[in-house]
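With PDB, C-alpha atoms inside, this is final_30.pdb:
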ATOM      1  CA  MET A1440       0.000   0.000   0.000  1.00  0.00           C
ATOM      2  CA  GLN A1441       1.073   3.554  -0.673  1.00  0.00           C
ATOM      3  CA  TRP A1442       0.064   6.857   0.908  1.00  0.00           C
ATOM      4  CA  TYR A1443      -2.130   9.386  -0.882  1.00  0.00           C
ATOM      5  CA  VAL A1444      -3.390  12.872  -0.030  1.00  0.00           C
ATOM      6  CA  LEU A1445      -7.126  13.559  -0.035  1.00  0.00           C
ATOM      7  CA  ARG A1446      -8.467  17.123  -0.141  1.00  0.00           C
ATOM      8  CA  VAL A1447     -11.321  17.731   2.291  1.00  0.00           C
ATOM      9  CA  ALA A1448     -13.432  20.660   3.443  1.00  0.00           C
ATOM     10  CA  ALA A1449     -11.756  22.911   5.992  1.00  0.00           C
ATOM     11  CA  ASN A1450     -12.365  21.917   9.632  1.00  0.00           C
ATOM     12  CA  LYS A1451     -13.928  18.603   8.528  1.00  0.00           C
ATOM     13  CA  GLU A1452     -10.707  16.549   8.607  1.00  0.00           C
ATOM     14  CA  GLU A1453     -11.455  14.615  11.809  1.00  0.00           C
ATOM     15  CA  ARG A1454     -15.080  13.970  10.806  1.00  0.00           C
ATOM     16  CA  VAL A1455     -14.001  12.712   7.354  1.00  0.00           C
ATOM     17  CA  LYS A1456     -11.356  10.463   8.957  1.00  0.00           C
ATOM     18  CA  LYS A1457     -13.887   8.937  11.397  1.00  0.00           C
ATOM     19  CA  THR A1458     -16.524   8.461   8.662  1.00  0.00           C
ATOM     20  CA  LEU A1459     -14.034   6.817   6.284  1.00  0.00           C
ATOM     21  CA  GLU A1460     -12.746   4.475   9.007  1.00  0.00           C
ATOM     22  CA  ASP A1461     -16.349   3.457   9.774  1.00  0.00           C
ATOM     23  CA  LYS A1462     -17.078   2.859   6.056  1.00  0.00           C
ATOM     24  CA  VAL A1463     -13.896   0.793   5.619  1.00  0.00           C
ATOM     25  CA  ASN A1464     -14.909  -1.466   8.534  1.00  0.00           C
ATOM     26  CA  ARG A1465     -18.584  -1.654   7.536  1.00  0.00           C
ATOM     27  CA  GLU A1466     -17.977  -2.366   3.834  1.00  0.00           C
ATOM     28  CA  GLY A1467     -14.944  -4.652   4.324  1.00  0.00           C
ATOM     29  CA  LEU A1468     -12.446  -2.475   2.476  1.00  0.00           C
ATOM     30  CA  GLN A1469      -9.486  -3.251   4.787  1.00  0.00           C
ATOM     31  CA  ASP A1470      -7.620  -4.928   1.906  1.00  0.00           C
ATOM     32  CA  VAL A1471      -7.840  -1.716  -0.182  1.00  0.00           C
ATOM     33  CA  ILE A1472      -7.671   1.077   2.428  1.00  0.00           C
ATOM     34  CA  GLY A1473      -5.209   0.954   5.320  1.00  0.00           C
ATOM     35  CA  ARG A1474      -4.511   3.701   7.821  1.00  0.00           C
ATOM     36  CA  ILE A1475      -6.113   7.142   7.647  1.00  0.00           C
ATOM     37  CA  GLU A1476      -4.277  10.011   9.372  1.00  0.00           C
ATOM     38  CA  VAL A1477      -4.820  13.679  10.241  1.00  0.00           C
ATOM     39  CA  PRO A1478      -1.492  14.846  11.752  1.00  0.00           C
ATOM     40  CA  VAL A1479      -1.877  17.304  14.630  1.00  0.00           C
ATOM     41  CA  GLU A1480       0.429  18.939  17.132  1.00  0.00           C
ATOM     42  CA  ARG A1481      -0.420  19.788  20.695  1.00  0.00           C
ATOM     43  CA  VAL A1482       0.218  23.417  21.545  1.00  0.00           C
ATOM     44  CA  LYS A1483       0.234  24.795  25.075  1.00  0.00           C
ATOM     45  CA  ARG A1484      -1.114  28.321  25.535  1.00  0.00           C
ATOM     46  CA  ILE A1485      -0.716  30.364  28.673  1.00  0.00           C
ATOM     47  CA  ARG A1486      -3.117  33.259  29.218  1.00  0.00           C
ATOM     48  CA  GLY A1487      -2.954  34.969  32.556  1.00  0.00           C
ATOM     49  CA  SER A1488      -2.303  32.149  34.965  1.00  0.00           C
ATOM     50  CA  LYS A1489      -4.277  29.522  32.993  1.00  0.00           C
ATOM     51  CA  GLN A1490      -2.599  26.898  30.832  1.00  0.00           C
ATOM     52  CA  THR A1491      -4.609  25.243  28.088  1.00  0.00           C
ATOM     53  CA  VAL A1492      -3.595  22.610  25.553  1.00  0.00           C
ATOM     54  CA  HIS A1493      -4.995  22.793  22.031  1.00  0.00           C
ATOM     55  CA  LYS A1494      -4.652  20.494  19.044  1.00  0.00           C
ATOM     56  CA  ARG A1495      -3.582  22.245  15.852  1.00  0.00           C
ATOM     57  CA  LYS A1496      -3.776  20.517  12.467  1.00  0.00           C
ATOM     58  CA  LEU A1497      -0.444  20.482  10.678  1.00  0.00           C
ATOM     59  CA  TYR A1498      -2.054  20.229   7.222  1.00  0.00           C
ATOM     60  CA  PRO A1499      -5.502  21.880   7.309  1.00  0.00           C
ATOM     61  CA  GLY A1500      -7.788  20.676   4.528  1.00  0.00           C
ATOM     62  CA  TYR A1501      -6.004  17.351   3.951  1.00  0.00           C
ATOM     63  CA  VAL A1502      -6.415  13.739   5.075  1.00  0.00           C
ATOM     64  CA  PHE A1503      -3.683  11.162   4.427  1.00  0.00           C
ATOM     65  CA  MET A1504      -4.736   7.651   3.348  1.00  0.00           C
ATOM     66  CA  GLU A1505      -2.808   4.418   2.916  1.00  0.00           C
ATOM     67  CA  MET A1506      -4.344   2.662  -0.050  1.00  0.00           C
ATOM     68  CA  GLU A1507      -3.849  -0.114  -2.614  1.00  0.00           C
ATOM     69  CA  VAL A1508      -4.565   1.127  -6.153  1.00  0.00           C
ATOM     70  CA  GLU A1509      -5.139  -0.784  -9.386  1.00  0.00           C
ATOM     71  CA  GLU A1510      -2.341  -1.413 -11.910  1.00  0.00           C
ATOM     72  CA  ASP A1511      -3.280   1.669 -13.954  1.00  0.00           C
ATOM     73  CA  GLY A1512      -2.961   3.814 -10.804  1.00  0.00           C
ATOM     74  CA  LYS A1513      -6.688   4.395 -10.319  1.00  0.00           C
ATOM     75  CA  VAL A1514      -8.579   3.859  -7.074  1.00  0.00           C
ATOM     76  CA  PRO A1515     -10.614   0.596  -7.055  1.00  0.00           C
ATOM     77  CA  GLU A1516     -14.252   1.308  -7.851  1.00  0.00           C
ATOM     78  CA  ASN A1517     -15.761   0.087  -4.553  1.00  0.00           C
ATOM     79  CA  ALA A1518     -13.308   2.220  -2.539  1.00  0.00           C
ATOM     80  CA  TRP A1519     -13.744   5.186  -4.898  1.00  0.00           C
ATOM     81  CA  TYR A1520     -17.505   5.356  -4.254  1.00  0.00           C
ATOM     82  CA  ALA A1521     -17.075   4.911  -0.498  1.00  0.00           C
ATOM     83  CA  ILE A1522     -14.626   7.812  -0.429  1.00  0.00           C
ATOM     84  CA  LYS A1523     -16.445  10.154  -2.842  1.00  0.00           C
ATOM     85  CA  GLU A1524     -19.839   9.674  -1.134  1.00  0.00           C
ATOM     86  CA  THR A1525     -18.399  10.906   2.173  1.00  0.00           C
ATOM     87  CA  THR A1526     -19.539  14.418   3.073  1.00  0.00           C
ATOM     88  CA  GLY A1527     -16.732  16.989   2.926  1.00  0.00           C
ATOM     89  CA  VAL A1528     -14.443  15.009   0.601  1.00  0.00           C
ATOM     90  CA  GLY A1529     -12.957  16.743  -2.430  1.00  0.00           C
ATOM     91  CA  ASP A1530     -10.548  14.780  -4.596  1.00  0.00           C
ATOM     92  CA  PHE A1531      -7.138  13.147  -4.392  1.00  0.00           C
ATOM     93  CA  ILE A1532      -4.047  15.130  -5.256  1.00  0.00           C
ATOM     94  CA  GLY A1533      -3.011  13.909  -8.682  1.00  0.00           C
ATOM     95  CA  THR A1534      -3.804  14.300 -12.372  1.00  0.00           C
ATOM     96  CA  GLU A1535      -6.735  13.162 -14.495  1.00  0.00           C
ATOM     97  CA  GLY A1536      -8.409  11.032 -11.836  1.00  0.00           C
ATOM     98  CA  VAL A1537      -5.205   9.172 -10.952  1.00  0.00           C
ATOM     99  CA  PRO A1538      -3.949   9.993  -7.453  1.00  0.00           C
ATOM    100  CA  THR A1539      -0.236  10.681  -7.060  1.00  0.00           C
ATOM    101  CA  PRO A1540       1.433   8.641  -4.299  1.00  0.00           C
ATOM    102  CA  MET A1541       3.452  10.486  -1.654  1.00  0.00           C
ATOM    103  CA  ARG A1542       7.250  10.226  -1.645  1.00  0.00           C
ATOM    104  CA  ASP A1543       8.764   8.001   1.052  1.00  0.00           C
ATOM    105  CA  THR A1544      10.494  10.965   2.720  1.00  0.00           C
ATOM    106  CA  ASP A1545       7.193  12.860   2.970  1.00  0.00           C
ATOM    107  CA  VAL A1546       5.429   9.752   4.316  1.00  0.00           C
ATOM    108  CA  SER A1547       8.017   9.207   7.051  1.00  0.00           C
ATOM    109  CA  LYS A1548       7.849  12.904   8.039  1.00  0.00           C
ATOM    110  CA  MET A1549       4.021  12.827   8.162  1.00  0.00           C
ATOM    111  CA  LEU A1550       3.929   9.583  10.171  1.00  0.00           C
ATOM    112  CA  GLN A1551       6.501  10.936  12.600  1.00  0.00           C
ATOM    113  CA  GLU A1552       4.381  14.062  13.116  1.00  0.00           C
ATOM    114  CA  ALA A1553       1.206  11.981  13.476  1.00  0.00           C
ATOM    115  CA  ALA A1554       2.826   9.967  16.280  1.00  0.00           C
ATOM    116  CA  LYS A1555       3.833  13.046  18.319  1.00  0.00           C
ATOM    117  CA  PRO A1556       0.534  14.109  19.991  1.00  0.00           C
ATOM    118  CA  GLU A1557       1.231  11.920  23.036  1.00  0.00           C
ATOM    119  CA  GLU A1558       4.366  13.940  23.776  1.00  0.00           C
ATOM    120  CA  THR A1559       4.257  16.933  26.085  1.00  0.00           C
ATOM    121  CA  PRO A1560       2.897  19.891  24.182  1.00  0.00           C
ATOM    122  CA  SER A1561       5.130  22.711  23.082  1.00  0.00           C
ATOM    123  CA  ILE A1562       4.446  26.353  23.778  1.00  0.00           C
ATOM    124  CA  LYS A1563       3.711  28.315  20.621  1.00  0.00           C
ATOM    125  CA  VAL A1564       5.710  31.555  20.749  1.00  0.00           C
ATOM    126  CA  ASP A1565       5.166  33.839  17.759  1.00  0.00           C
ATOM    127  CA  PHE A1566       8.237  36.011  18.293  1.00  0.00           C
ATOM    128  CA  GLN A1567      11.709  35.961  16.755  1.00  0.00           C
ATOM    129  CA  PRO A1568      14.924  37.490  18.070  1.00  0.00           C
ATOM    130  CA  GLY A1569      15.115  41.091  16.840  1.00  0.00           C
ATOM    131  CA  ASP A1570      11.329  41.699  16.868  1.00  0.00           C
ATOM    132  CA  GLN A1571      10.176  45.056  18.239  1.00  0.00           C
ATOM    133  CA  ILE A1572       7.703  44.460  21.080  1.00  0.00           C
ATOM    134  CA  LYS A1573       5.629  46.317  23.656  1.00  0.00           C
ATOM    135  CA  ILE A1574       4.988  44.955  27.146  1.00  0.00           C
ATOM    136  CA  ARG A1575       1.226  44.638  27.764  1.00  0.00           C
ATOM    137  CA  GLU A1576       1.176  43.505  31.407  1.00  0.00           C
ATOM    138  CA  GLY A1577       3.271  43.468  34.540  1.00  0.00           C
ATOM    139  CA  ALA A1578       5.610  45.881  36.294  1.00  0.00           C
ATOM    140  CA  PHE A1579       7.063  47.136  32.990  1.00  0.00           C
ATOM    141  CA  GLU A1580       3.732  47.722  31.230  1.00  0.00           C
ATOM    142  CA  ASN A1581       3.914  50.023  28.150  1.00  0.00           C
ATOM    143  CA  PHE A1582       7.717  49.715  27.866  1.00  0.00           C
ATOM    144  CA  GLU A1583       9.005  48.936  24.397  1.00  0.00           C
ATOM    145  CA  GLY A1584      11.998  46.766  23.592  1.00  0.00           C
ATOM    146  CA  VAL A1585      13.611  44.168  21.348  1.00  0.00           C
ATOM    147  CA  VAL A1586      13.404  40.376  21.665  1.00  0.00           C
ATOM    148  CA  ASP A1587      16.861  39.015  22.529  1.00  0.00           C
ATOM    149  CA  SER A1588      16.171  35.275  22.992  1.00  0.00           C
ATOM    150  CA  ILE A1589      13.308  32.821  23.535  1.00  0.00           C
ATOM    151  CA  ASP A1590      12.989  29.905  25.988  1.00  0.00           C
ATOM    152  CA  GLN A1591      10.345  27.727  24.284  1.00  0.00           C
ATOM    153  CA  ASP A1592      10.146  25.200  27.140  1.00  0.00           C
ATOM    154  CA  ARG A1593       9.200  27.735  29.807  1.00  0.00           C
ATOM    155  CA  GLY A1594       7.419  30.251  27.560  1.00  0.00           C
ATOM    156  CA  LEU A1595       9.810  33.048  28.516  1.00  0.00           C
ATOM    157  CA  VAL A1596      11.097  35.764  26.214  1.00  0.00           C
ATOM    158  CA  LYS A1597      14.238  37.738  27.074  1.00  0.00           C
ATOM    159  CA  VAL A1598      13.563  41.340  26.108  1.00  0.00           C
ATOM    160  CA  ILE A1599      16.042  44.227  26.084  1.00  0.00           C
ATOM    161  CA  VAL A1600      14.364  47.473  27.234  1.00  0.00           C
ATOM    162  CA  THR A1601      15.845  50.890  27.962  1.00  0.00           C
ATOM    163  CA  ILE A1602      15.277  51.952  31.563  1.00  0.00           C
ATOM    164  CA  PHE A1603      16.749  55.295  32.669  1.00  0.00           C
ATOM    165  CA  GLY A1604      18.947  55.377  29.557  1.00  0.00           C
ATOM    166  CA  ARG A1605      20.437  51.900  30.123  1.00  0.00           C
ATOM    167  CA  SER A1606      19.728  48.672  28.245  1.00  0.00           C
ATOM    168  CA  THR A1607      18.251  46.168  30.676  1.00  0.00           C
ATOM    169  CA  PRO A1608      17.399  42.499  29.945  1.00  0.00           C
ATOM    170  CA  LEU A1609      14.042  41.259  31.261  1.00  0.00           C
ATOM    171  CA  ASP A1610      12.591  37.740  31.272  1.00  0.00           C
ATOM    172  CA  ILE A1611       8.898  38.093  30.442  1.00  0.00           C
ATOM    173  CA  GLU A1612       6.235  35.480  29.697  1.00  0.00           C
ATOM    174  CA  TYR A1613       5.322  35.472  26.018  1.00  0.00           C
ATOM    175  CA  TRP A1614       1.658  36.317  26.621  1.00  0.00           C
ATOM    176  CA  GLN A1615       2.634  39.586  28.350  1.00  0.00           C
ATOM    177  CA  ILE A1616       4.109  41.116  25.183  1.00  0.00           C
ATOM    178  CA  GLU A1617       2.890  42.015  21.722  1.00  0.00           C
ATOM    179  CA  LYS A1618       4.558  42.977  18.460  1.00  0.00           C
ATOM    180  CA  VAL A1619       4.766  46.672  17.651  1.00  0.00           C
TER     181      VAL A1619
END
Just give me the structure as structure tokens.
Amino acid sequence: MQWYVLRVAANKEERVKKTLEDKVNREGLQDVIGRIEVPVERVKRIRGSKQTVHKRKLYPGYVFMEMEVEEDGKVPENAWYAIKETTGVGDFIGTEGVPTPMRDTDVSKMLQEAAKPEETPSIKVDFQPGDQIKIREGAFENFEGVVDSIDQDRGLVKVIVTIFGRSTPLDIEYWQIEKV
């Protein structure tokens, strides 16, 4: 079996995956359709003193399917109708009704990402060193500065601000600052 990419309606990826898995089991298509994946990453957000963990799709609008195709490269007819009759499904990525299989390097990368959600979530920090920022909260509210470094694990951003004419480094939580 090889992996193929299926276009689906935005925000319907999980529903399409569940529906297709149910159809495969109900219609006995296990010999044609293997695994179905929607790779996600877990992202930790800290707002105020609350920490929340969210799932973020790595490839919005796409579902990855492991499938056995016919010799001419087309999807077997019984599987084709099961897939196309699913609400929210578009078409496979490919040309003239023949889906293009994914490269092995892309498959291994996608499968590695799909296996990660059990790991501890990372904190999503949208700043880069050198960004101009303004402090929104805390003792240094309304001060402006430049991002020096980022500690992804703890969600801290080292910011260089000018206090009384001197450059001073501050460790500030990422949610307390905003880009200028």
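Residue nearest Thr1601 (chain A), chosen from A:Lys1456, A:Asn1581, A:Ile1616, A:Val1492 and counting all atoms listed in the file: A:Asn1581.
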Using the chain letters and residue numbers of this document, give as a list in words the residues selected by the PyMOL selection byres ((chain A and resi 1575) around 6). Ile1574, Glu1576, Glu1580, Gln1615 and Ile1616 of chain A
Once the PyMOL selection byres ((chain A and resi 1460) around 12) has been evaluated on this model, what residues remain selected, and can you format them as a list in words?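 Applying the PyMOL selection byres ((chain A and resi 1460) around 12) to the structure shown produces Glu1453, Arg1454, Val1455, Lys1456, Lys1457, Thr1458, Leu1459, Asp1461, Lys1462, Val1463, Asn1464, Arg1465, Glu1466, Gly1467, Leu1468, Gln1469, Ile1472, Gly1473, Arg1474, Ile1475, Glu1476, Val1502, Met1504, Glu1505, Ala1518, Ala1521, Ile1522 and Thr1525 of chain A.
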A:Glu1509, A:Asp1590, A:Glu1524, A:Asp1565 ranked by distance to Pro1538 (chain A), top pick (using all atoms listed in the file):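 Comparing A:Glu1509, A:Asp1590, A:Glu1524, A:Asp1565 against Pro1538 (chain A), the winner is A:Glu1509.
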Mind pulling up the distance from CA of Glu1507 (chain A) to CA of Asp1545 (chain A)?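 According to the coordinates, CA of Asp1545 (chain A) and CA of Glu1507 (chain A) are separated by 17.9 Å.
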Nearest to Gln1571 (chain A) among A:Glu1617, A:Asp1543, A:Glu1552, A:Glu1535, with distances taken over all atoms listed in the file: which residue is it?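 Once distances to Gln1571 (chain A) are computed over all atoms listed in the file, the minimum belongs to A:Glu1617.
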Enter the distance from CA of Ala1578 (chain A) to CA of Glu1612 (chain A), in Å, rounded to one decimal.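 Separation of CA of Ala1578 (chain A) and CA of Glu1612 (chain A): 12.3 Å.
Reported to one decimal place, the separation of CA of Gly1527 (chain A) from CA of Arg1542 (chain A) is 25.3 Å.
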I need the residue nearest Lys1597 (chain A) from this list: A:Thr1539, A:Ile1532, A:Ile1572, A:Val1619. Use only C-alpha atoms for the distance.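 Between A:Thr1539, A:Ile1532, A:Ile1572, A:Val1619, the residue approaching Lys1597 (chain A) most closely is A:Ile1572.
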Explicit residue set for the PyMOL selection byres ((chain A and resi 1549) around 12), as number ranges by chain: A: 1442-1444, 1475-1480, 1496-1498, 1501-1504, 1541-1548, 1550-1555
Given all atoms listed in the file as the counted atoms, nearest of A:Lys1494, A:Val1508, A:Phe1566, A:Ala1449 to Thr1526 (chain A):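 The shortest atom-to-atom distance to Thr1526 (chain A) comes from A:Ala1449.
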Hey, which of A:Glu1583, A:Val1447, A:Pro1608, A:Tyr1613 ends up closest to Leu1595 (chain A)? Count only C-alpha atoms.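 Once distances to Leu1595 (chain A) are computed over only C-alpha atoms, the minimum belongs to A:Tyr1613.
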So that I can check the surroundings of Asp1587 (chain A), please list as JSON, numbers by chain every protein, DNA and RNA residue that reaches within 9 Å of it, counting all atoms listed in the file and ignoring chain neighbours fewer than 5 positions away. {"A": [1567, 1568, 1569, 1570, 1596, 1597, 1598, 1599, 1608]}
Centre and edge lengths of an axis-aligned box around all listed atoms of region 1604-1608 of chain A, with 3 Å added on each side, are to be given in Å to one decimal, as lines of an AutoDock Vina configuration file.
center_x = 18.9
center_y = 48.9
center_z = 29.5
size_x = 9.0
size_y = 18.9
size_z = 8.4
Export region 1476-1512 of chain A of the preceding structure, keeping C-alpha atoms, as a short mmCIF file (atom, residue, chain, number, x, y, z; two decimals), in the first residue's frame.
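Result file is out.cif:
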data_model
loop_
_atom_site.label_atom_id
_atom_site.label_comp_id
_atom_site.auth_asym_id
_atom_site.auth_seq_id
_atom_site.Cartn_x
_atom_site.Cartn_y
_atom_site.Cartn_z
CA GLU A 1476 -4.28 10.01 9.37
CA VAL A 1477 -4.82 13.68 10.24
CA PRO A 1478 -1.49 14.85 11.75
CA VAL A 1479 -1.88 17.30 14.63
CA GLU A 1480 0.43 18.94 17.13
CA ARG A 1481 -0.42 19.79 20.69
CA VAL A 1482 0.22 23.42 21.54
CA LYS A 1483 0.23 24.79 25.07
CA ARG A 1484 -1.11 28.32 25.53
CA ILE A 1485 -0.72 30.36 28.67
CA ARG A 1486 -3.12 33.26 29.22
CA GLY A 1487 -2.95 34.97 32.56
CA SER A 1488 -2.30 32.15 34.96
CA LYS A 1489 -4.28 29.52 32.99
CA GLN A 1490 -2.60 26.90 30.83
CA THR A 1491 -4.61 25.24 28.09
CA VAL A 1492 -3.60 22.61 25.55
CA HIS A 1493 -5.00 22.79 22.03
CA LYS A 1494 -4.65 20.49 19.04
CA ARG A 1495 -3.58 22.24 15.85
CA LYS A 1496 -3.78 20.52 12.47
CA LEU A 1497 -0.44 20.48 10.68
CA TYR A 1498 -2.05 20.23 7.22
CA PRO A 1499 -5.50 21.88 7.31
CA GLY A 1500 -7.79 20.68 4.53
CA TYR A 1501 -6.00 17.35 3.95
CA VAL A 1502 -6.42 13.74 5.07
CA PHE A 1503 -3.68 11.16 4.43
CA MET A 1504 -4.74 7.65 3.35
CA GLU A 1505 -2.81 4.42 2.92
CA MET A 1506 -4.34 2.66 -0.05
CA GLU A 1507 -3.85 -0.11 -2.61
CA VAL A 1508 -4.57 1.13 -6.15
CA GLU A 1509 -5.14 -0.78 -9.39
CA GLU A 1510 -2.34 -1.41 -11.91
CA ASP A 1511 -3.28 1.67 -13.95
CA GLY A 1512 -2.96 3.81 -10.80
#
